[in-house]
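Pasting upload-v3.txt here (compact mmCIF, C-alpha atoms):
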# COMPACT_ATOMS: atom_id res chain seq x y z
CA MET V 1 93.68 133.87 149.36
CA ALA V 2 95.58 137.01 149.15
CA ASP V 3 96.26 140.35 147.58
CA SER V 4 97.96 138.53 144.68
CA ALA V 5 94.83 136.53 143.74
CA PRO V 6 93.72 137.12 140.12
CA PRO V 7 90.93 139.66 139.69
CA SER V 8 87.40 138.56 139.00
CA PRO V 9 85.69 138.95 135.62
CA VAL V 10 84.67 142.52 134.88
CA THR V 11 81.34 143.47 133.33
CA PRO V 12 80.25 146.69 131.60
CA ALA V 13 78.02 147.42 134.58
CA ASN V 14 80.95 146.96 136.92
CA PRO V 15 84.05 148.77 135.57
CA ALA V 16 87.47 147.66 136.78
CA ASP V 17 88.08 150.86 138.72
CA ARG V 18 84.90 150.37 140.71
CA PRO V 19 84.68 146.94 142.31
CA VAL V 20 82.20 146.06 145.01
CA TYR V 21 83.93 146.41 148.36
CA VAL V 22 83.16 143.97 151.14
CA VAL V 23 84.19 145.37 154.53
CA GLY V 24 85.17 142.54 156.86
CA GLY V 25 86.95 139.23 156.27
CA GLY V 26 84.87 136.94 158.45
CA PRO V 27 82.42 134.25 157.28
CA ALA V 28 79.77 136.72 156.11
CA GLY V 29 82.23 138.82 154.14
CA LEU V 30 83.96 135.87 152.49
CA ALA V 31 80.68 134.18 151.54
CA THR V 32 79.40 137.41 150.01
CA ALA V 33 82.62 137.95 148.06
CA TYR V 34 82.32 134.44 146.59
CA ALA V 35 78.66 134.95 145.72
CA LEU V 36 79.49 138.23 143.97
CA ARG V 37 82.23 136.48 141.96
CA ALA V 38 79.72 133.84 140.95
CA GLN V 39 77.59 136.66 139.51
CA GLY V 40 80.56 137.92 137.46
CA ILE V 41 81.11 140.91 139.73
CA ARG V 42 84.56 141.88 140.94
CA ALA V 43 84.58 141.88 144.75
CA VAL V 44 87.39 143.09 147.00
CA VAL V 45 87.38 142.14 150.69
CA VAL V 46 88.96 144.72 153.00
CA GLU V 47 89.98 143.32 156.41
CA LYS V 48 91.53 145.44 159.17
CA ALA V 49 93.42 142.54 160.78
CA ASP V 50 96.54 141.00 159.30
CA ARG V 51 94.59 137.89 158.24
CA ILE V 52 91.03 136.79 157.70
CA GLY V 53 88.83 135.25 160.39
CA ALA V 54 90.46 137.35 163.12
CA SER V 55 87.34 137.43 165.29
CA TRP V 56 87.26 133.62 165.39
CA ARG V 57 90.87 133.38 166.50
CA ARG V 58 90.35 135.59 169.54
CA HIS V 59 87.68 133.34 171.07
CA TYR V 60 88.45 131.02 173.99
CA ASP V 61 90.22 127.75 173.27
CA ARG V 62 87.40 125.31 174.01
CA LEU V 63 84.90 126.97 171.69
CA HIS V 64 83.02 124.72 169.29
CA LEU V 65 80.22 125.70 166.97
CA HIS V 66 76.73 125.18 168.35
CA THR V 67 75.59 124.55 164.79
CA THR V 68 76.41 121.42 162.84
CA ARG V 69 79.22 121.09 160.33
CA ARG V 70 76.83 120.53 157.42
CA THR V 71 74.67 123.57 158.14
CA SER V 72 77.64 125.83 158.89
CA ALA V 73 79.48 125.53 155.56
CA LEU V 74 79.63 128.56 153.29
CA PRO V 75 78.53 128.48 149.63
CA GLY V 76 80.83 126.57 147.31
CA LEU V 77 82.89 124.58 149.81
CA LYS V 78 81.88 121.92 152.34
CA MET V 79 83.51 121.63 155.73
CA PRO V 80 85.70 118.48 155.98
CA ARG V 81 84.18 115.48 157.74
CA ARG V 82 87.21 115.31 160.02
CA PHE V 83 85.95 118.47 161.76
CA GLY V 84 83.30 116.33 163.43
CA ARG V 85 79.72 117.32 164.04
CA TRP V 86 80.57 120.45 166.06
CA PRO V 87 83.66 122.11 164.49
CA ALA V 88 86.23 123.60 166.86
CA ARG V 89 87.39 127.21 166.80
CA ASP V 90 90.72 126.45 165.11
CA ASP V 91 89.03 124.27 162.50
CA VAL V 92 86.67 127.11 161.60
CA ALA V 93 89.62 129.49 161.22
CA ARG V 94 91.40 126.98 158.96
CA TYR V 95 88.24 126.50 156.93
CA LEU V 96 87.93 130.25 156.33
CA GLU V 97 91.52 130.38 155.10
CA LYS V 98 90.92 127.43 152.80
CA TYR V 99 87.68 129.00 151.58
CA ALA V 100 89.41 132.20 150.49
CA GLU V 101 92.21 130.24 148.84
CA HIS V 102 89.89 127.77 147.11
CA HIS V 103 87.78 130.53 145.55
CA GLU V 104 90.78 132.79 144.85
CA LEU V 105 89.09 135.70 146.58
CA GLU V 106 90.62 139.15 146.23
CA ILE V 107 91.50 140.21 149.77
CA VAL V 108 93.36 143.18 151.21
CA THR V 109 94.42 142.76 154.85
CA GLY V 110 95.77 145.29 157.35
CA VAL V 111 93.50 148.05 156.06
CA GLU V 112 90.69 149.46 158.20
CA VAL V 113 87.75 151.28 156.65
CA SER V 114 86.70 154.11 158.97
CA ARG V 115 83.93 155.79 157.00
CA VAL V 116 81.65 155.08 154.05
CA GLU V 117 80.25 157.99 152.05
CA ARG V 118 78.49 158.60 148.76
CA THR V 119 80.81 159.65 145.97
CA PRO V 120 80.52 163.36 145.08
CA ASP V 121 78.74 162.51 141.82
CA GLY V 122 76.34 160.15 143.62
CA THR V 123 77.15 157.20 141.36
CA GLY V 124 79.00 155.04 143.87
CA TRP V 125 80.57 154.82 147.29
CA LEU V 126 83.73 156.29 148.78
CA LEU V 127 85.50 154.36 151.52
CA ARG V 128 87.96 156.24 153.70
CA ALA V 129 90.52 153.82 155.06
CA SER V 130 93.73 153.71 157.08
CA GLY V 131 96.85 155.24 155.59
CA GLY V 132 94.82 157.98 153.93
CA ARG V 133 93.39 155.57 151.38
CA GLU V 134 90.25 156.49 149.47
CA LEU V 135 88.56 153.57 147.74
CA THR V 136 85.75 154.06 145.26
CA GLY V 137 83.25 151.24 144.85
CA ALA V 138 80.16 150.58 142.81
CA ALA V 139 78.51 149.13 145.93
CA VAL V 140 79.50 148.27 149.49
CA VAL V 141 78.69 145.30 151.69
CA VAL V 142 79.34 145.87 155.39
CA ALA V 143 80.20 142.59 157.11
CA THR V 144 82.18 143.75 160.14
CA GLY V 145 80.40 141.36 162.48
CA TYR V 146 77.90 141.21 165.32
CA ASN V 147 80.69 140.69 167.88
CA HIS V 148 82.85 143.61 166.83
CA THR V 149 83.96 145.62 169.87
CA PRO V 150 84.06 144.19 173.43
CA HIS V 151 81.64 145.93 175.78
CA LEU V 152 82.78 146.41 179.38
CA PRO V 153 80.13 148.18 181.48
CA ASP V 154 81.21 151.36 183.22
CA TRP V 155 80.35 150.02 186.68
CA PRO V 156 80.68 152.53 189.55
CA GLY V 157 84.02 152.02 191.31
CA ARG V 158 85.39 149.82 188.53
CA GLU V 159 88.64 151.76 188.18
CA ALA V 160 89.48 151.30 191.87
CA TYR V 161 88.99 147.53 191.84
CA THR V 162 92.30 145.85 192.69
CA GLY V 163 91.43 142.30 191.60
CA ASP V 164 91.85 140.95 188.09
CA LEU V 165 89.14 142.26 185.77
CA ALA V 166 89.04 141.25 182.12
CA HIS V 167 86.50 141.08 179.31
CA ALA V 168 85.72 137.58 178.06
CA SER V 169 87.38 138.45 174.75
CA ALA V 170 90.73 138.19 176.57
CA TYR V 171 89.92 134.78 178.07
CA ARG V 172 91.68 131.82 176.46
CA ASP V 173 91.48 129.01 179.02
CA GLY V 174 91.09 128.46 182.75
CA THR V 175 94.76 127.78 183.53
CA PRO V 176 95.48 131.26 185.00
CA TYR V 177 92.49 130.85 187.33
CA THR V 178 93.31 127.45 188.82
CA GLY V 179 92.78 127.51 192.60
CA ARG V 180 91.20 130.98 192.50
CA ASP V 181 87.79 132.47 193.31
CA VAL V 182 86.31 133.73 190.03
CA LEU V 183 83.15 135.67 189.23
CA VAL V 184 81.82 135.40 185.68
CA VAL V 185 79.45 138.24 184.77
CA GLY V 186 76.83 137.45 182.15
CA VAL V 187 75.04 134.23 181.26
CA GLY V 188 75.00 134.19 177.49
CA ASN V 189 76.66 131.31 175.67
CA THR V 190 80.11 132.77 176.32
CA GLY V 191 79.59 133.30 180.05
CA ALA V 192 78.02 129.88 180.52
CA GLU V 193 80.83 128.09 178.69
CA ILE V 194 83.58 130.03 180.46
CA ALA V 195 82.03 129.17 183.84
CA VAL V 196 82.10 125.47 182.94
CA ASP V 197 85.66 125.79 181.66
CA LEU V 198 86.76 127.38 184.91
CA VAL V 199 85.27 124.51 186.92
CA GLU V 200 86.99 121.94 184.74
CA SER V 201 90.28 123.87 185.00
CA GLY V 202 90.30 123.68 188.78
CA ALA V 203 89.10 127.11 189.91
CA GLU V 204 88.45 126.99 193.65
CA ARG V 205 85.10 128.75 193.38
CA VAL V 206 83.05 129.87 190.37
CA ARG V 207 80.12 132.25 190.63
CA LEU V 208 77.94 133.40 187.74
CA ALA V 209 76.27 136.81 187.96
CA VAL V 210 72.89 136.84 186.20
CA ARG V 211 70.71 139.87 185.48
CA THR V 212 68.21 138.33 183.06
CA VAL V 213 67.50 134.62 183.37
CA PRO V 214 68.27 132.94 180.03
CA HIS V 215 66.52 130.23 178.10
CA ILE V 216 68.65 127.10 178.18
CA VAL V 217 68.41 124.34 175.57
CA ARG V 218 70.28 121.11 175.00
CA ARG V 219 72.65 121.40 172.05
CA SER V 220 71.45 117.96 170.97
CA THR V 221 68.71 115.65 172.22
CA VAL V 222 68.84 111.98 171.22
CA GLY V 223 71.00 112.98 168.26
CA TRP V 224 68.67 115.80 167.14
CA PRO V 225 70.48 119.20 167.22
CA SER V 226 68.46 122.09 168.63
CA GLN V 227 69.51 124.05 165.56
CA TYR V 228 67.36 121.77 163.40
CA SER V 229 64.34 122.70 165.50
CA GLY V 230 65.25 126.36 165.02
CA ILE V 231 65.30 125.86 161.25
CA LEU V 232 61.89 124.16 161.27
CA VAL V 233 60.10 126.82 163.32
CA ARG V 234 61.84 130.02 162.21
CA ARG V 235 58.96 131.09 159.95
CA LEU V 236 56.15 130.18 162.34
CA PRO V 237 54.32 132.85 164.40
CA VAL V 238 56.41 134.02 167.36
CA GLY V 239 53.69 133.23 169.92
CA LEU V 240 53.28 129.68 168.63
CA VAL V 241 57.01 129.00 168.79
CA ASP V 242 57.12 130.43 172.32
CA ARG V 243 54.44 127.96 173.39
CA ILE V 244 56.20 125.03 171.73
CA CYS V 245 59.47 125.94 173.43
CA ARG V 246 57.74 126.30 176.79
CA VAL V 247 56.57 122.70 176.56
CA MET V 248 60.00 121.49 175.43
CA ALA V 249 61.64 123.30 178.36
CA LEU V 250 59.77 121.02 180.77
CA THR V 251 62.13 118.21 179.72
CA LEU V 252 65.02 120.12 181.33
CA PRO V 253 65.75 120.15 185.07
CA ASP V 254 64.15 122.98 187.03
CA LEU V 255 67.00 125.13 188.36
CA SER V 256 64.80 127.56 190.29
CA ALA V 257 66.24 126.45 193.62
CA HIS V 258 69.70 127.22 192.28
CA GLY V 259 68.90 130.76 191.14
CA LEU V 260 67.86 130.06 187.54
CA PRO V 261 64.05 129.98 187.37
CA ARG V 262 62.30 129.44 184.07
CA PRO V 263 62.09 132.75 182.12
CA ASP V 264 58.80 134.64 182.00
CA THR V 265 59.16 135.67 178.36
CA GLY V 266 59.14 133.27 175.43
CA LEU V 267 62.26 131.86 173.82
CA TYR V 268 61.50 133.07 170.30
CA THR V 269 60.39 136.47 171.57
CA ARG V 270 63.79 136.84 173.22
CA ALA V 271 65.60 135.53 170.15
CA ARG V 272 63.90 138.08 167.88
CA GLN V 273 65.24 140.74 170.25
CA GLY V 274 68.77 139.40 169.85
CA ALA V 275 69.02 137.19 172.95
CA ILE V 276 69.58 133.69 171.62
CA PRO V 277 69.16 130.76 174.04
CA VAL V 278 72.10 129.29 175.91
CA GLN V 279 73.22 125.97 174.47
CA ASP V 280 73.99 123.65 177.36
CA VAL V 281 77.54 122.31 177.27
CA GLY V 282 77.69 121.44 180.95
CA LEU V 283 76.13 124.43 182.73
CA ILE V 284 73.00 122.60 183.89
CA ASP V 285 74.97 119.86 185.65
CA ALA V 286 77.49 122.33 187.06
CA VAL V 287 74.71 124.43 188.60
CA ARG V 288 72.82 121.41 189.95
CA LYS V 289 75.97 120.08 191.62
CA GLY V 290 76.86 123.46 193.10
CA LYS V 291 80.06 123.79 191.12
CA VAL V 292 78.76 127.00 189.58
CA GLU V 293 76.91 129.30 191.99
CA VAL V 294 74.36 131.68 190.52
CA VAL V 295 74.36 135.15 192.10
CA ALA V 296 72.67 138.47 191.42
CA ALA V 297 73.83 140.90 188.76
CA VAL V 298 76.77 143.21 189.34
CA ASP V 299 75.88 146.78 190.31
CA GLY V 300 79.38 148.09 190.91
CA PHE V 301 82.59 147.91 192.91
CA GLU V 302 83.30 149.32 196.35
CA GLY V 303 86.29 149.00 198.67
CA GLY V 304 87.83 146.21 196.64
CA LYS V 305 84.59 144.23 196.66
CA VAL V 306 81.96 143.54 194.04
CA VAL V 307 78.51 144.91 194.87
CA LEU V 308 75.62 142.78 193.63
CA ALA V 309 72.10 143.93 192.80
CA ASP V 310 70.69 142.29 195.94
CA GLY V 311 73.10 144.26 198.15
CA THR V 312 75.52 141.39 198.69
CA ARG V 313 79.23 142.21 198.64
CA ILE V 314 81.66 139.54 197.50
CA SER V 315 85.45 139.44 197.13
CA PRO V 316 86.45 137.27 194.17
CA ASP V 317 90.09 137.11 193.13
CA ALA V 318 89.13 137.74 189.53
CA VAL V 319 86.19 138.91 187.43
CA VAL V 320 85.58 137.78 183.85
CA ALA V 321 83.04 140.04 182.15
CA ALA V 322 81.09 138.10 179.52
CA THR V 323 79.11 141.26 178.86
CA GLY V 324 78.91 141.08 175.11
CA TYR V 325 79.94 143.26 172.22
CA VAL V 326 78.74 146.29 170.33
CA ARG V 327 78.56 146.59 166.56
CA ALA V 328 80.44 149.94 166.51
CA LEU V 329 78.90 151.00 163.20
CA GLU V 330 78.24 154.61 164.16
CA GLY V 331 81.52 156.02 162.85
CA LEU V 332 81.39 153.90 159.73
CA VAL V 333 77.83 154.53 158.52
CA GLY V 334 75.99 156.33 161.32
CA HIS V 335 75.90 159.60 159.36
CA LEU V 336 73.90 157.89 156.59
CA GLY V 337 70.79 157.35 158.72
CA VAL V 338 70.89 153.58 158.23
CA LEU V 339 71.07 152.48 161.89
CA ASP V 340 68.29 151.99 164.43
CA GLU V 341 68.28 153.08 168.07
CA ARG V 342 70.31 150.00 169.03
CA GLY V 343 73.04 150.76 166.51
CA LEU V 344 71.96 147.91 164.21
CA PRO V 345 71.32 148.30 160.46
CA VAL V 346 67.71 149.07 159.59
CA THR V 347 67.97 146.51 156.77
CA HIS V 348 70.05 143.41 156.21
CA GLY V 349 70.66 140.88 153.49
CA ARG V 350 69.45 141.70 149.99
CA ASN V 351 67.56 144.83 151.01
CA ALA V 352 69.55 148.07 150.92
CA PRO V 353 68.19 151.08 152.83
CA LYS V 354 65.99 153.25 150.61
CA SER V 355 68.17 156.22 151.46
CA ALA V 356 71.37 154.34 150.57
CA PRO V 357 70.96 152.20 147.43
CA GLY V 358 74.00 150.01 146.87
CA LEU V 359 74.81 149.68 150.58
CA TYR V 360 74.21 146.25 152.12
CA PHE V 361 74.66 144.66 155.55
CA THR V 362 75.19 141.04 156.48
CA GLY V 363 75.99 139.14 159.67
CA PHE V 364 74.21 141.48 162.08
CA THR V 365 71.43 139.15 163.17
CA THR V 366 71.44 136.18 165.56
CA PRO V 367 68.86 133.75 164.14
CA ILE V 368 67.92 130.57 166.01
CA SER V 369 68.46 128.69 162.75
CA GLY V 370 72.21 129.39 162.91
CA THR V 371 74.20 132.48 161.99
CA LEU V 372 76.54 130.77 159.51
CA ARG V 373 73.63 129.12 157.75
CA GLU V 374 71.83 132.43 157.38
CA VAL V 375 74.85 134.47 156.20
CA ALA V 376 75.44 131.80 153.55
CA GLY V 377 71.93 132.34 152.22
CA ASP V 378 72.20 136.11 152.56
CA ALA V 379 75.40 136.11 150.51
CA GLU V 380 73.68 134.74 147.43
CA ARG V 381 70.69 137.02 147.87
CA ILE V 382 72.91 140.08 148.27
CA ALA V 383 74.92 139.17 145.16
CA LYS V 384 71.77 138.98 143.04
CA SER V 385 70.54 142.28 144.47
CA VAL V 386 73.89 143.95 143.71
CA ARG V 387 73.73 142.61 140.18
CA ARG V 388 70.34 144.23 139.70
CA HIS V 389 71.59 147.46 141.28
CA LEU V 390 74.59 147.65 138.93
CA ALA V 391 72.42 146.92 135.93
Would you mind writing the structure in this file as structure tokens?
Amino acid sequence: MADSAPPSPVTPANPADRPVYVVGGGPAGLATAYALRAQGIRAVVVEKADRIGASWRRHYDRLHLHTTRRTSALPGLKMPRRFGRWPARDDVARYLEKYAEHHELEIVTGVEVSRVERTPDGTGWLLRASGGRELTGAAVVVATGYNHTPHLPDWPGREAYTGDLAHASAYRDGTPYTGRDVLVVGVGNTGAEIAVDLVESGAERVRLAVRTVPHIVRRSTVGWPSQYSGILVRRLPVGLVDRICRVMALTLPDLSAHGLPRPDTGLYTRARQGAIPVQDVGLIDAVRKGKVEVVAAVDGFEGGKVVLADGTRISPDAVVAATGYVRALEGLVGHLGVLDERGLPVTHGRNAPKSAPGLYFTGFTTPISGTLREVAGDAERIAKSVRRHLA
């Protein structure tokens, strides 16, 4: 895995002084680097952390994939059977290390790319990186990740709050919260799982602040993973999938009396907008039994208390903000006109923006069929597209 790995084969269309740079050493970046190598193209992964898979290592301890081992493997290397059906966080990190080592990927760590520009002659790409480095590539694949920079809302009065306030990215386990009153803000997969973890770790009281009611699905039903259903329906019309999911949701307990009514909008409609359903790993039972109390969204802080959207004021000992991440691509490529109003790339996978040929993006979608599965497929499609571009 490392800087000392032997270089890939070089082709006339891809001179040695102009490799394809892959920005980001997570699953999407590593898979793309391997796929490029398989096409005979020299690929160099540039990772800002001191080792690959850094984003996986910062997740909370109890995290397991919500996608199966078999469908989460990257091209060219299966995940070991000992990982079980739902690989744990540490197993995924080990797998990424093994993947880079197995394929002898060329990786540079501890270097952050801050800006991507066209070369002055217009024949390639110039990457400005830490330490004053300037890297020239024949093409660039941006794989810095969907969960790049923690987002903590600028709630009114937040700075004056005297209780513990932390983003979920700093949460490891519930031990520091044992015997305490904790408010978790946000009911995505992270917020839901942290709330359950807090209950199991002995928090005295756990409340979950919800602004938009989520779709909740069982991770597996009678041995059938929900991911498999996502794979089967991903190409069907959105409205049809919404109706199918509405019927399937009737098999789950109605939590309306507990503050979680069934959503008005369809599951696939939400997923196409980036809001994937919550995989149940204990939230349903915790809410039904009153161990997790659902409350209104947070509007701000006042006098040491948390102000909720319904006007209620509560005084938790600690607040864990599971309020998501931003892609933070503006400084990197925002000047190229390749981002939409949400800060997401206007294209992804094998399609480069028309205004930026040779620039590719991967790992910036949240498909219901599984992110790792899709980045694996994107990697091979991107590599073929790059090959055509270089030719």
V:Pro316 environment, 10 Å, only C-alpha atoms, sequence neighbours closer than 4 positions dropped, as a ChimeraX atom specification: /V:163-164,180-184,205-207,304-306
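Distance check against V:Arg18 using all atoms listed in the file: of V:Gly259, V:Val222, V:Leu390, V:Ala160, the minimum falls on V:Leu390.
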Please work out which residues fall within 10 Å of (72.3, 131.8, 161.7), coordinates as given in the file, with all atoms listed in the file counting, and return them as a PyMOL selection string. chain V and resi 67+71-72+227+230-231+363-377
Contact table stretch 102-194 of chain V vs stretch 297-300 of chain V, cut-off 8 Å, shortest pair per residue, all atoms listed in the file, as a Markdown table:
| residue | atom | partner | partner_atom | distance |
| --- | --- | --- | --- | --- |
| V:Trp155 | CA | V:Gly300 | CA | 4.7 |
| V:Pro156 | CA | V:Gly300 | CA | 4.8 |
| V:Gly157 | CA | V:Gly300 | CA | 6.1 |
| V:Arg158 | CA | V:Gly300 | CA | 6.7 |
| V:Val185 | CA | V:Val298 | CA | 7.3 |
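Straight-line separation from atom CA of V:Ala35 to atom CA of V:Ala352: 16.8 Å.
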Could you check the closest approach to V:Ala192 for each of V:Val233, V:Ala322, V:Ile41, V:Leu329 and tell me which residue wins, using all atoms listed in the file?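 Of the candidates, the smallest distance to V:Ala192 is held by V:Ala322.
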Go ahead and compute the interatomic distance for atom CA of V:Ala31 and atom CA of V:Leu65, in Å to one decimal.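 Going from atom CA of V:Ala31 over to atom CA of V:Leu65 covers 17.6 Å.
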From the list V:Gly110, V:Pro353, V:Pro80, V:Gly29, which residue is nearest V:Ala49 when using only C-alpha atoms?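 Of V:Gly110, V:Pro353, V:Pro80, V:Gly29, the one nearest V:Ala49 is V:Gly110, counting only C-alpha atoms.
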When you draw a straight line from atom CA of V:Leu252 to atom CA of V:Thr221, how long is it in Å?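 Atom-to-atom, atom CA of V:Leu252 to atom CA of V:Thr221, that is 10.8 Å.
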Non-local contacts of V:Gly186 (8 Å; only C-alpha atoms; under 4 positions in same chain excluded) as a count of residues only: 9
